[in-house]
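A.B. asks: Below is the file work.csv, which contains CSV, C-alpha atoms.
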chain,number,residue,atom,x,y,z
A,223,MET,CA,-84.9,-24.4,-48.5
A,224,THR,CA,-87.4,-22.9,-46.0
A,225,VAL,CA,-85.0,-20.2,-45.0
A,226,ILE,CA,-84.6,-18.9,-48.5
A,227,ARG,CA,-86.7,-16.0,-49.6
A,228,LEU,CA,-87.8,-15.4,-53.2
A,229,ARG,CA,-88.1,-11.8,-54.4
A,230,ARG,CA,-89.2,-10.4,-57.8
A,231,LEU,CA,-87.2,-7.5,-59.2
A,232,ASN,CA,-88.1,-5.0,-61.8
A,233,ARG,CA,-85.5,-3.8,-64.4
A,234,TRP,CA,-84.3,-0.9,-62.3
A,235,GLN,CA,-83.7,-3.1,-59.2
A,236,ALA,CA,-82.0,-5.7,-61.4
A,237,GLU,CA,-79.6,-3.0,-62.7
A,238,GLY,CA,-78.7,-2.1,-59.1
A,239,LEU,CA,-78.0,-5.8,-58.3
A,240,LYS,CA,-76.2,-6.8,-61.5
A,241,GLU,CA,-72.7,-6.7,-60.0
A,242,ASP,CA,-73.7,-9.0,-57.2
A,243,VAL,CA,-75.4,-11.3,-59.7
A,244,ALA,CA,-72.3,-11.3,-61.8
A,245,ASP,CA,-70.2,-12.3,-58.8
A,246,LEU,CA,-72.6,-15.2,-58.1
A,247,TYR,CA,-72.4,-16.2,-61.7
A,248,VAL,CA,-68.6,-16.5,-61.5
A,249,GLU,CA,-68.8,-18.4,-58.3
A,250,SER,CA,-71.3,-20.9,-59.7
A,251,SER,CA,-69.9,-21.4,-63.2
A,252,HIS,CA,-66.4,-22.4,-62.2
A,253,PRO,CA,-64.6,-20.7,-65.1
A,254,VAL,CA,-61.2,-22.0,-66.3
A,255,ALA,CA,-58.3,-20.4,-64.4
A,256,GLY,CA,-57.5,-17.0,-65.9
A,257,THR,CA,-60.9,-16.5,-67.6
A,258,ALA,CA,-63.0,-15.4,-64.6
A,259,HIS,CA,-62.8,-11.7,-65.6
A,260,SER,CA,-63.8,-12.3,-69.2
A,261,SER,CA,-66.5,-14.7,-68.2
A,262,ARG,CA,-67.9,-12.2,-65.8
A,263,GLU,CA,-67.8,-9.4,-68.4
A,264,ALA,CA,-69.6,-11.6,-70.9
A,265,PHE,CA,-72.3,-12.4,-68.4
A,266,LEU,CA,-72.8,-8.7,-67.5
A,267,GLN,CA,-73.1,-7.9,-71.2
A,268,ARG,CA,-75.8,-10.5,-71.7
A,269,LEU,CA,-77.6,-9.3,-68.6
A,270,THR,CA,-77.5,-5.7,-69.7
A,271,GLY,CA,-78.9,-6.6,-73.1
A,272,ASP,CA,-81.7,-8.7,-71.5
A,273,VAL,CA,-82.7,-5.9,-69.0
A,274,ARG,CA,-83.5,-3.7,-72.0
A,275,ARG,CA,-86.0,-6.2,-73.5
A,276,PRO,CA,-89.7,-5.6,-73.0
A,277,GLY,CA,-91.2,-7.6,-70.2
A,278,PHE,CA,-87.8,-8.4,-68.6
A,279,ALA,CA,-88.2,-10.0,-65.2
A,280,MET,CA,-85.8,-11.3,-62.5
A,281,LEU,CA,-86.5,-13.5,-59.5
A,282,VAL,CA,-83.8,-13.7,-56.8
A,283,ALA,CA,-83.4,-16.2,-53.9
A,284,GLU,CA,-81.9,-14.7,-50.7
A,285,ARG,CA,-80.7,-15.8,-47.3
A,286,ALA,CA,-78.3,-13.4,-45.6
A,287,THR,CA,-76.9,-12.7,-49.1
A,288,LEU,CA,-77.9,-13.4,-52.7
A,289,PHE,CA,-78.2,-17.2,-53.1
A,290,GLY,CA,-79.6,-17.6,-56.6
A,291,CYS,CA,-81.4,-15.8,-59.4
A,292,VAL,CA,-83.2,-16.5,-62.7
A,293,PHE,CA,-84.2,-14.0,-65.4
A,294,GLY,CA,-85.7,-13.8,-68.8
A,295,PHE,CA,-88.4,-12.1,-70.9
A,296,PRO,CA,-91.5,-13.0,-73.0
A,297,LEU,CA,-90.7,-13.8,-76.6
A,298,ARG,CA,-91.9,-11.4,-79.3
A,299,ARG,CA,-94.7,-12.8,-81.3
A,300,ASP,CA,-92.8,-12.4,-84.6
A,301,GLY,CA,-90.6,-15.4,-83.7
A,302,SER,CA,-87.3,-13.4,-84.1
A,303,TRP,CA,-85.8,-15.0,-81.0
A,304,TRP,CA,-85.7,-18.4,-82.9
A,305,ARG,CA,-83.6,-16.8,-85.7
A,306,GLY,CA,-81.0,-19.3,-87.0
A,307,PHE,CA,-83.0,-22.4,-86.1
A,308,LEU,CA,-81.7,-25.3,-88.2
A,309,GLY,CA,-84.2,-27.4,-90.0
A,310,PRO,CA,-88.0,-27.3,-90.0
A,311,PHE,CA,-89.3,-25.2,-87.1
A,312,PRO,CA,-91.8,-27.1,-84.9
A,313,ARG,CA,-95.3,-25.9,-85.7
A,314,ASP,CA,-96.6,-26.1,-82.1
A,315,ILE,CA,-93.8,-23.9,-80.8
A,316,GLU,CA,-94.4,-21.4,-83.7
A,317,GLN,CA,-98.1,-21.2,-82.8
A,318,LEU,CA,-97.4,-20.7,-79.1
A,319,THR,CA,-94.8,-18.0,-79.9
A,320,ALA,CA,-97.2,-16.2,-82.2
A,321,SER,CA,-99.9,-16.3,-79.5
A,322,GLY,CA,-97.5,-14.7,-76.9
A,323,HIS,CA,-97.4,-17.6,-74.5
A,324,VAL,CA,-93.7,-18.3,-74.6
A,325,PHE,CA,-91.3,-17.0,-71.9
A,326,ALA,CA,-87.5,-17.2,-72.4
A,327,ILE,CA,-85.3,-18.2,-69.4
A,328,THR,CA,-82.0,-16.7,-70.3
A,329,GLU,CA,-80.0,-17.5,-67.1
A,330,VAL,CA,-80.4,-19.6,-64.0
A,331,VAL,CA,-77.6,-18.8,-61.5
A,332,VAL,CA,-77.4,-20.6,-58.1
A,333,ALA,CA,-74.7,-20.7,-55.5
A,334,PRO,CA,-72.8,-24.0,-55.3
A,335,HIS,CA,-74.8,-26.0,-52.7
A,336,GLU,CA,-76.1,-29.6,-52.3
A,337,GLN,CA,-79.6,-28.3,-53.1
A,338,ALA,CA,-78.6,-26.1,-56.0
A,339,LEU,CA,-80.6,-28.1,-58.6
A,340,ILE,CA,-83.7,-28.0,-56.4
A,341,LEU,CA,-83.4,-24.2,-56.0
A,342,GLY,CA,-82.8,-23.8,-59.7
A,343,ARG,CA,-86.0,-25.7,-60.5
A,344,ARG,CA,-88.0,-23.7,-58.0
A,345,LEU,CA,-86.8,-20.4,-59.3
A,346,GLN,CA,-87.5,-21.0,-62.9
A,347,GLU,CA,-90.9,-22.6,-62.2
A,348,ARG,CA,-91.9,-19.6,-60.1
A,349,LEU,CA,-90.8,-17.1,-62.8
A,350,LEU,CA,-92.7,-19.0,-65.5
A,351,ASP,CA,-95.8,-19.3,-63.4
A,352,ASP,CA,-95.7,-15.6,-62.5
A,353,HIS,CA,-95.9,-14.8,-66.2
A,354,HIS,CA,-98.6,-17.4,-67.0
A,355,ALA,CA,-96.3,-19.0,-69.6
A,356,SER,CA,-97.5,-22.0,-71.5
A,357,LEU,CA,-94.0,-22.8,-72.7
A,358,GLY,CA,-90.5,-22.0,-71.3
A,359,ALA,CA,-87.7,-21.6,-73.9
A,360,THR,CA,-84.0,-21.4,-73.6
A,361,LEU,CA,-80.8,-21.6,-75.7
A,362,VAL,CA,-77.7,-23.3,-74.3
A,363,PRO,CA,-74.3,-23.5,-76.0
A,364,GLU,CA,-73.8,-27.2,-76.9
A,365,SER,CA,-70.3,-27.0,-75.2
A,366,ASP,CA,-72.0,-26.1,-71.9
A,367,ILE,CA,-72.4,-29.7,-70.7
A,368,ARG,CA,-73.2,-28.7,-67.1
A,369,SER,CA,-76.0,-26.4,-68.0
A,370,LEU,CA,-77.5,-28.8,-70.5
A,371,ALA,CA,-77.5,-31.6,-67.9
A,372,ALA,CA,-79.2,-29.3,-65.4
A,373,PHE,CA,-82.0,-28.2,-67.8
A,374,ARG,CA,-82.6,-31.8,-68.8
A,375,SER,CA,-82.9,-32.8,-65.1
A,376,TRP,CA,-85.5,-30.1,-64.7
A,377,GLY,CA,-87.6,-31.6,-67.4
A,378,TRP,CA,-86.6,-29.4,-70.4
A,379,ARG,CA,-86.5,-31.2,-73.8
A,380,GLU,CA,-84.4,-30.4,-76.8
A,381,VAL,CA,-86.2,-29.4,-80.0
A,382,GLY,CA,-83.3,-28.5,-82.3
A,383,GLU,CA,-80.2,-26.4,-82.8
A,384,VAL,CA,-79.7,-22.7,-83.5
A,385,HIS,CA,-76.8,-21.1,-85.3
A,386,ARG,CA,-76.3,-17.3,-85.0
A,387,PRO,CA,-73.4,-15.9,-87.1
A,388,PRO,CA,-70.8,-14.5,-86.7
A,389,GLY,CA,-70.0,-17.1,-84.1
A,390,THR,CA,-69.5,-20.7,-85.1
A,391,ALA,CA,-70.9,-22.3,-81.9
A,392,LEU,CA,-74.2,-24.1,-82.0
A,393,LEU,CA,-76.9,-23.5,-79.4
A,394,ARG,CA,-79.2,-26.2,-78.3
A,395,ALA,CA,-82.9,-25.0,-78.2
A,396,LEU,CA,-84.8,-26.5,-75.2
A,397,VAL,CA,-88.4,-26.0,-74.2
A,398,LEU,CA,-90.4,-26.7,-71.0
A,399,PRO,CA,-94.1,-27.3,-71.7
A,400,LEU,CA,-96.3,-25.9,-68.9
A,401,GLY,CA,-100.0,-24.9,-69.2
A,402,ILE,CA,-100.7,-25.5,-72.9
A,403,PRO,CA,-103.7,-23.7,-74.4
A,404,THR,CA,-106.4,-26.1,-75.6
A,405,ALA,CA,-105.7,-25.6,-79.3
A,406,ALA,CA,-102.0,-26.1,-79.0
A,407,ALA,CA,-102.3,-29.0,-76.6
A,408,SER,CA,-103.9,-31.0,-79.4
A,409,GLU,CA,-100.9,-30.5,-81.6
A,410,PRO,CA,-98.2,-33.3,-81.9
A,411,GLY,CA,-95.3,-32.9,-79.6
A,412,PHE,CA,-97.1,-32.0,-76.4
A,413,PRO,CA,-98.1,-35.2,-74.5
A,414,ALA,CA,-101.0,-34.9,-72.0
A,415,ALA,CA,-98.6,-35.5,-69.1
A,416,ALA,CA,-96.8,-32.2,-69.9
A,417,ARG,CA,-100.0,-30.1,-69.5
A,418,ARG,CA,-100.5,-28.3,-66.3
A,419,PRO,CA,-103.9,-29.1,-64.7
A,420,GLU,CA,-106.5,-26.3,-64.3
A,421,ARG,CA,-106.4,-24.6,-60.9
Is it possible to express this structure as structure tokens?
C.D. replies:
Amino acid sequence: MTVIRLRRLNRWQAEGLKEDVADLYVESSHPVAGTAHSSREAFLQRLTGDVRRPGFAMLVAERATLFGCVFGFPLRRDGSWWRGFLGPFPRDIEQLTASGHVFAITEVVVAPHEQALILGRRLQERLLDDHHASLGATLVPESDIRSLAAFRSWGWREVGEVHRPPGTALLRALVLPLGIPTAAASEPGFPAAARRPER
């Protein structure tokens, strides 16, 4: 891990690197035979949409070549990112979103390697820390068992499901509590062990 360099990219740099990131995505996601092209195109479409969002940020891990990346953006305070949440929306998450303390991790992509999970954790923690987020948020298709298992191993917890028509697939909503502001930390759902100590 010591030979891997982390580098922050702005949206223009990310645009220039998106083809390489898409290649890494296909390599790491192991698409079903015959679907690599469509999988790659769908990823590029998601990345292109995210790059346009206010506050978009990308962090890459490099050795001789691109080895991993994570990207996302701060959630809008109006809570629109949670559209389609099924059931009552958790009050603590609603408050943190409204206060501008939630950062969405939309993709974690790491080259297949025995330390891929360690690097994935390092990348997302660094990106969230760089943006002083109190809460990380992500949506994962419930059919994506590998990604769900990875996020759970990194300490993310599920808080509900999201359905966004016209598709029929359900998305699992996961959050990662970090440095919770004092007012929100007293709310139910955020145990003391999840709060980041003052530095």
A.B. asks: Quote the spacing between CA of Gly322 (chain A) and CA of Leu297 (chain A) in Å to one decimal place.
C.D. replies: 6.9 Å
A.B. asks: I want to know what sits within 6 Å of region 307-315 of chain A, based on all atoms listed in the file, with residues of the same chain fewer than 3 positions away left out; could you give that as an mmCIF file with C-alpha atoms, keeping the file's coordinate frame?
C.D. replies:
data_model
loop_
_atom_site.group_PDB
_atom_site.id
_atom_site.type_symbol
_atom_site.label_atom_id
_atom_site.label_comp_id
_atom_site.auth_asym_id
_atom_site.auth_seq_id
_atom_site.Cartn_x
_atom_site.Cartn_y
_atom_site.Cartn_z
ATOM 1 C CA TRP A 304 -85.700 -18.400 -82.900
ATOM 2 C CA LEU A 318 -97.400 -20.700 -79.100
ATOM 3 C CA GLU A 383 -80.200 -26.400 -82.800
ATOM 4 C CA VAL A 384 -79.700 -22.700 -83.500
#
A.B. asks: Check the smallest atom-to-atom distance from each of A:Trp234, A:Phe265, A:Tyr247, A:Trp303 to Met280 (chain A) using only C-alpha atoms, then report the winner.
C.D. replies: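 Answer, going by the shortest atom-to-atom distance: A:Trp234.
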A.B. asks: What does the distance between CA of Ala371 (chain A) and CA of Gly389 (chain A) come to in Å, to one decimal place?
C.D. replies: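 We find that CA of Ala371 (chain A) and CA of Gly389 (chain A) lie 23.0 Å from each other.
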A.B. asks: Residues within 8 Å of Phe293 (chain A), please, as a tab-separated table (two decimals) with C-alpha atoms, in the coordinates of the input. Count all atoms listed in the file; anything in the same chain fewer than 2 positions from it doesn't count.
C.D. replies:
chain	number	residue	atom	x	y	z
A	278	PHE	CA	-87.80	-8.40	-68.60
A	279	ALA	CA	-88.20	-10.00	-65.20
A	280	MET	CA	-85.80	-11.30	-62.50
A	281	LEU	CA	-86.50	-13.50	-59.50
A	291	CYS	CA	-81.40	-15.80	-59.40
A	295	PHE	CA	-88.40	-12.10	-70.90
A	327	ILE	CA	-85.30	-18.20	-69.40
A	328	THR	CA	-82.00	-16.70	-70.30
A	329	GLU	CA	-80.00	-17.50	-67.10
A	330	VAL	CA	-80.40	-19.60	-64.00
A	349	LEU	CA	-90.80	-17.10	-62.80
A.B. asks: Counting only C-alpha atoms, figure out which residue out of A:Leu228, A:Leu357, A:Ala395, A:Leu269 gets nearest to Gln317 (chain A).
C.D. replies: A:Leu357
A.B. asks: Can you tell me how far CA of Val397 (chain A) sits from CA of Val381 (chain A), in Å to one decimal?
C.D. replies: 7.1 Å
A.B. asks: Using only C-alpha atoms, pick whichever of A:Ser250, A:Glu364, A:Gly277, A:Leu392 has the shortest atom-to-atom distance to Ala338 (chain A).
C.D. replies: A:Ser250
A.B. asks: Write out as a PDB file with C-alpha atoms, in the coordinates of the input each polymer residue whose atoms come within 10 Å of Pro296 (chain A), counting all atoms listed in the file; drop sequence neighbours fewer than 4 positions from it.
C.D. replies:
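around24.pdb, freshly written:
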ATOM      1  CA  ARG A 275     -86.000  -6.200 -73.500  1.00  0.00           C
ATOM      2  CA  PRO A 276     -89.700  -5.600 -73.000  1.00  0.00           C
ATOM      3  CA  GLY A 277     -91.200  -7.600 -70.200  1.00  0.00           C
ATOM      4  CA  PHE A 278     -87.800  -8.400 -68.600  1.00  0.00           C
ATOM      5  CA  ALA A 279     -88.200 -10.000 -65.200  1.00  0.00           C
ATOM      6  CA  THR A 319     -94.800 -18.000 -79.900  1.00  0.00           C
ATOM      7  CA  GLY A 322     -97.500 -14.700 -76.900  1.00  0.00           C
ATOM      8  CA  HIS A 323     -97.400 -17.600 -74.500  1.00  0.00           C
ATOM      9  CA  VAL A 324     -93.700 -18.300 -74.600  1.00  0.00           C
ATOM     10  CA  PHE A 325     -91.300 -17.000 -71.900  1.00  0.00           C
ATOM     11  CA  ALA A 326     -87.500 -17.200 -72.400  1.00  0.00           C
ATOM     12  CA  ILE A 327     -85.300 -18.200 -69.400  1.00  0.00           C
ATOM     13  CA  LEU A 350     -92.700 -19.000 -65.500  1.00  0.00           C
ATOM     14  CA  HIS A 353     -95.900 -14.800 -66.200  1.00  0.00           C
ATOM     15  CA  ALA A 355     -96.300 -19.000 -69.600  1.00  0.00           C
ATOM     16  CA  GLY A 358     -90.500 -22.000 -71.300  1.00  0.00           C
ATOM     17  CA  ALA A 359     -87.700 -21.600 -73.900  1.00  0.00           C
TER      18      ALA A 359
END
A.B. asks: Skip Lys240 (chain A) itself and residues of its chain fewer than 3 positions away, then list as a VMD selection string all residues within 9 Å of it, counting all atoms listed in the file.
C.D. replies: chain A and resid 235 to 237 243 to 245 266 269 to 270
A.B. asks: For a quick check of your reading of the model, name the residues lying within 10 Å of the coordinate (-75.5, -21.5, -74.4), counting only C-alpha atoms, and write them as JSON, numbers by chain.
C.D. replies: {"A": [328, 329, 360, 361, 362, 363, 364, 365, 366, 367, 369, 370, 391, 392, 393, 394, 395]}
A.B. asks: Give the answer as one residue: which of A:Ile226, A:Glu241, A:Glu249, A:Arg233 has the shortest atom-to-atom distance to Glu284 (chain A), using all atoms listed in the file?
C.D. replies: A:Ile226
